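Below is one structure, written out as structure tokens; comments come after it.
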Amino acid sequence: MRKFISQGSTFEELIGYSRAVVDGDMVYVSGTTGYDYTTMRIDPDIVAQTRQCLRNIEDALTQAGATMADILRIRYILPDASEFEKCWPTLRAAFDHIRPAATMISAGLADPAMKIEIEVTARIGSGIPPQSGDSM
């Protein structure tokens, strides 16, 4: 049985999609940007957007009954591939102990203010327990 998760983003309503879909023990989180969905504001800094993406993803996973440690696959999408390296320390802090499969794609995003979009696939309960001191 499928469960649909929303974060109240106007994009979800306007386009007609869910932030995440849970099917059995699998969680598919849509491409998630650096918008703070409660205010619909986005920071112009790519590192700040990356941190917000991770908070948004973690919130969706929590609603699904999963954790960041349950992530198996990540796709990073950036309009400017040369900015990806700026995100590495933030991404390493979030995923170094998890080591999911990952791909980075350079492509245009829906809004020019968006500098990064992150999509993840997770399996509930499959995760490696977080190490002490881990945080976004």
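Naming works like this for the structure tokens: A, B, ... for the chains as they're shown, residue 1 at the start of each chain, ligands 1 onward in shown order.
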Just asking: which residues within chain A are helix (DSSP H, G or I) according to DSSP, as number ranges by chain? A: 10-15, 46-64, 68-70, 81-95
Could you list, as a ChimeraX atom specification, every residue within 8 Å of Asp43 in chain A, counting only C-alpha atoms and ignoring same-chain residues fewer than 6 positions away? /A:34-35,49
For the residues in that selection, give me N, CA and C atoms as a short mmCIF file (atom, residue, chain, number, x, y, z; two decimals), in the first residue's frame.
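part28.cif written:
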data_model
loop_
_atom_site.label_atom_id
_atom_site.label_comp_id
_atom_site.auth_asym_id
_atom_site.auth_seq_id
_atom_site.Cartn_x
_atom_site.Cartn_y
_atom_site.Cartn_z
N GLY A 34 16.57 23.65 -2.19
CA GLY A 34 16.93 24.38 -0.99
C GLY A 34 15.88 25.35 -0.49
N TYR A 35 14.66 25.24 -0.98
CA TYR A 35 13.59 26.09 -0.46
C TYR A 35 13.24 25.68 0.96
N GLN A 49 21.75 26.22 0.52
CA GLN A 49 20.70 25.45 -0.16
C GLN A 49 20.90 23.95 0.05
#
Closest-contact table, range 38-82 of chain A side, partner range 107-131 of chain A, 7 Å, counting only C-alpha atoms, as JSON lines:
{"residue": "A:Pro44", "atom": "CA", "partner": "A:Ala113", "partner_atom": "CA", "distance": 6.7}
{"residue": "A:Ile46", "atom": "CA", "partner": "A:Lys115", "partner_atom": "CA", "distance": 5.7}
{"residue": "A:Gln49", "atom": "CA", "partner": "A:Ile116", "partner_atom": "CA", "distance": 7.0}
{"residue": "A:Thr50", "atom": "CA", "partner": "A:Ile116", "partner_atom": "CA", "distance": 6.7}
{"residue": "A:Cys53", "atom": "CA", "partner": "A:Ile118", "partner_atom": "CA", "distance": 6.8}
{"residue": "A:Gly65", "atom": "CA", "partner": "A:Ile124", "partner_atom": "CA", "distance": 6.6}
{"residue": "A:Ala66", "atom": "CA", "partner": "A:Ile124", "partner_atom": "CA", "distance": 4.8}
{"residue": "A:Ala69", "atom": "CA", "partner": "A:Gly127", "partner_atom": "CA", "distance": 4.4}
{"residue": "A:Asp70", "atom": "CA", "partner": "A:Gly127", "partner_atom": "CA", "distance": 3.9}
{"residue": "A:Ile71", "atom": "CA", "partner": "A:Ala122", "partner_atom": "CA", "distance": 4.0}
{"residue": "A:Leu72", "atom": "CA", "partner": "A:Ala122", "partner_atom": "CA", "distance": 5.2}
{"residue": "A:Arg73", "atom": "CA", "partner": "A:Thr121", "partner_atom": "CA", "distance": 5.1}
{"residue": "A:Ile74", "atom": "CA", "partner": "A:Val120", "partner_atom": "CA", "distance": 4.5}
{"residue": "A:Arg75", "atom": "CA", "partner": "A:Glu119", "partner_atom": "CA", "distance": 5.1}
{"residue": "A:Tyr76", "atom": "CA", "partner": "A:Ile118", "partner_atom": "CA", "distance": 4.7}
{"residue": "A:Ile77", "atom": "CA", "partner": "A:Glu117", "partner_atom": "CA", "distance": 5.1}
{"residue": "A:Leu78", "atom": "CA", "partner": "A:Ile116", "partner_atom": "CA", "distance": 4.7}
{"residue": "A:Pro79", "atom": "CA", "partner": "A:Ala107", "partner_atom": "CA", "distance": 4.8}
Skip Thr39 in chain A itself and residues of its chain fewer than 5 positions away, then list as a PyMOL selection string all residues within 12 Å of it, counting only C-alpha atoms. chain A and resi 7-10+34
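Remark: for Met104 in chain A, the closest of the candidate residues A:Ser18, A:Thr33, A:Ser82, A:Gln52 is A:Ser82 (distances computed over only C-alpha atoms).
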List every residue of chain A that DSSP, applied to the backbone, labels as strand (DSSP E), and write the result as number ranges by chain. A: 2-5, 20-23, 26-33, 35-36, 41-42, 71-78, 101-106, 117-123
Restricting it to N, CA and C atoms, dump the selection as a tab-separated table (two decimals), in the first residue's frame.
chain	number	residue	atom	x	y	z
A	2	ARG	N	0.59	2.17	-0.86
A	2	ARG	CA	1.39	3.38	-0.98
A	2	ARG	C	0.95	4.45	0.01
A	3	LYS	N	1.95	5.19	0.48
A	3	LYS	CA	1.71	6.34	1.33
A	3	LYS	C	2.35	7.54	0.64
A	4	PHE	N	1.62	8.64	0.58
A	4	PHE	CA	2.11	9.85	-0.07
A	4	PHE	C	2.45	10.88	1.00
A	5	ILE	N	3.63	11.48	0.88
A	5	ILE	CA	4.11	12.46	1.85
A	5	ILE	C	4.23	13.81	1.17
A	20	ALA	N	7.46	12.67	-1.21
A	20	ALA	CA	7.97	11.30	-1.16
A	20	ALA	C	6.81	10.33	-1.29
A	21	VAL	N	7.14	9.15	-1.76
A	21	VAL	CA	6.18	8.06	-1.85
A	21	VAL	C	6.81	6.87	-1.14
A	22	VAL	N	6.03	6.27	-0.25
A	22	VAL	CA	6.46	5.06	0.45
A	22	VAL	C	5.71	3.90	-0.17
A	23	ASP	N	6.43	2.88	-0.58
A	23	ASP	CA	5.83	1.67	-1.14
A	23	ASP	C	6.51	0.49	-0.46
A	26	MET	N	10.24	0.72	0.86
A	26	MET	CA	11.00	1.64	0.02
A	26	MET	C	10.43	3.05	0.10
A	27	VAL	N	11.33	4.04	0.11
A	27	VAL	CA	10.94	5.45	0.15
A	27	VAL	C	11.63	6.14	-1.02
A	28	TYR	N	10.83	6.79	-1.84
A	28	TYR	CA	11.32	7.51	-3.00
A	28	TYR	C	11.08	9.00	-2.75
A	29	VAL	N	12.14	9.74	-2.52
A	29	VAL	CA	12.01	11.17	-2.23
A	29	VAL	C	12.27	11.93	-3.53
A	30	SER	N	11.31	12.77	-3.90
A	30	SER	CA	11.41	13.58	-5.11
A	30	SER	C	12.63	14.49	-5.06
A	31	GLY	N	13.02	14.98	-6.22
A	31	GLY	CA	14.06	15.99	-6.27
A	31	GLY	C	13.67	17.12	-5.32
A	32	THR	N	14.57	17.42	-4.40
A	32	THR	CA	14.29	18.35	-3.32
A	32	THR	C	15.28	19.50	-3.40
A	33	THR	N	14.78	20.71	-3.36
A	33	THR	CA	15.64	21.88	-3.49
A	33	THR	C	15.85	22.56	-2.15
A	35	TYR	N	14.66	25.24	-0.98
A	35	TYR	CA	13.59	26.09	-0.46
A	35	TYR	C	13.24	25.68	0.96
A	36	ASP	N	13.00	26.66	1.79
A	36	ASP	CA	12.36	26.41	3.08
A	36	ASP	C	10.88	26.39	2.75
A	41	ARG	N	11.00	30.46	0.78
A	41	ARG	CA	12.18	31.28	0.51
A	41	ARG	C	13.37	30.37	0.26
A	42	ILE	N	14.32	30.90	-0.52
A	42	ILE	CA	15.53	30.14	-0.82
A	42	ILE	C	16.74	31.05	-0.65
A	71	ILE	N	19.27	5.78	3.48
A	71	ILE	CA	19.43	6.18	2.08
A	71	ILE	C	20.37	5.21	1.37
A	72	LEU	N	19.90	4.72	0.22
A	72	LEU	CA	20.68	3.81	-0.60
A	72	LEU	C	21.26	4.48	-1.84
A	73	ARG	N	20.54	5.48	-2.35
A	73	ARG	CA	20.89	6.10	-3.62
A	73	ARG	C	20.62	7.59	-3.56
A	74	ILE	N	21.54	8.38	-4.14
A	74	ILE	CA	21.38	9.84	-4.20
A	74	ILE	C	21.66	10.31	-5.62
A	75	ARG	N	20.86	11.27	-6.06
A	75	ARG	CA	21.15	11.97	-7.32
A	75	ARG	C	21.23	13.46	-7.00
A	76	TYR	N	22.35	14.04	-7.37
A	76	TYR	CA	22.55	15.49	-7.22
A	76	TYR	C	22.38	16.09	-8.61
A	77	ILE	N	21.61	17.17	-8.69
A	77	ILE	CA	21.40	17.87	-9.96
A	77	ILE	C	21.77	19.33	-9.73
A	78	LEU	N	22.70	19.81	-10.54
A	78	LEU	CA	23.15	21.20	-10.42
A	78	LEU	C	23.18	21.84	-11.80
A	101	ALA	N	25.11	4.93	-2.97
A	101	ALA	CA	25.46	5.11	-4.38
A	101	ALA	C	25.03	6.52	-4.77
A	102	ALA	N	25.83	7.20	-5.59
A	102	ALA	CA	25.53	8.60	-5.91
A	102	ALA	C	25.89	8.94	-7.35
A	103	THR	N	25.13	9.89	-7.89
A	103	THR	CA	25.38	10.42	-9.22
A	103	THR	C	25.17	11.92	-9.18
A	104	MET	N	26.02	12.67	-9.88
A	104	MET	CA	25.83	14.12	-10.04
A	104	MET	C	25.57	14.38	-11.51
A	105	ILE	N	24.51	15.12	-11.76
A	105	ILE	CA	24.10	15.48	-13.11
A	105	ILE	C	24.07	17.00	-13.20
A	106	SER	N	24.53	17.54	-14.30
A	106	SER	CA	24.40	18.97	-14.54
A	106	SER	C	23.24	19.18	-15.52
A	117	GLU	N	19.58	20.39	-6.54
A	117	GLU	CA	18.40	19.57	-6.25
A	117	GLU	C	18.92	18.18	-5.91
A	118	ILE	N	18.34	17.57	-4.89
A	118	ILE	CA	18.81	16.26	-4.45
A	118	ILE	C	17.62	15.32	-4.38
A	119	GLU	N	17.79	14.15	-4.97
A	119	GLU	CA	16.77	13.09	-4.97
A	119	GLU	C	17.37	11.87	-4.28
A	120	VAL	N	16.59	11.20	-3.43
A	120	VAL	CA	17.11	10.02	-2.75
A	120	VAL	C	16.11	8.87	-2.80
A	121	THR	N	16.67	7.67	-2.68
A	121	THR	CA	15.89	6.45	-2.50
A	121	THR	C	16.40	5.80	-1.23
A	122	ALA	N	15.47	5.37	-0.39
A	122	ALA	CA	15.84	4.75	0.89
A	122	ALA	C	15.02	3.50	1.12
A	123	ARG	N	15.54	2.62	1.97
A	123	ARG	CA	14.79	1.45	2.41
A	123	ARG	C	14.67	1.51	3.92
Lys86 in chain A surroundings by only C-alpha atoms, 8 Å radius, close-in-sequence under 3 positions cut, as a VMD selection string: chain A and resid 46 to 47 83 89
CA of Ser6 in chain A and CA of Asp80 in chain A, how far apart in Å?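 About the pair CA of Asp80 in chain A and CA of Ser6 in chain A: they are 28.0 Å apart.
Coordinates place CA of Trp88 in chain A at a distance of 12.4 Å from CA of Ala48 in chain A.
The coordinates place CA of Thr62 in chain A at 27.8 Å from CA of Glu85 in chain A.
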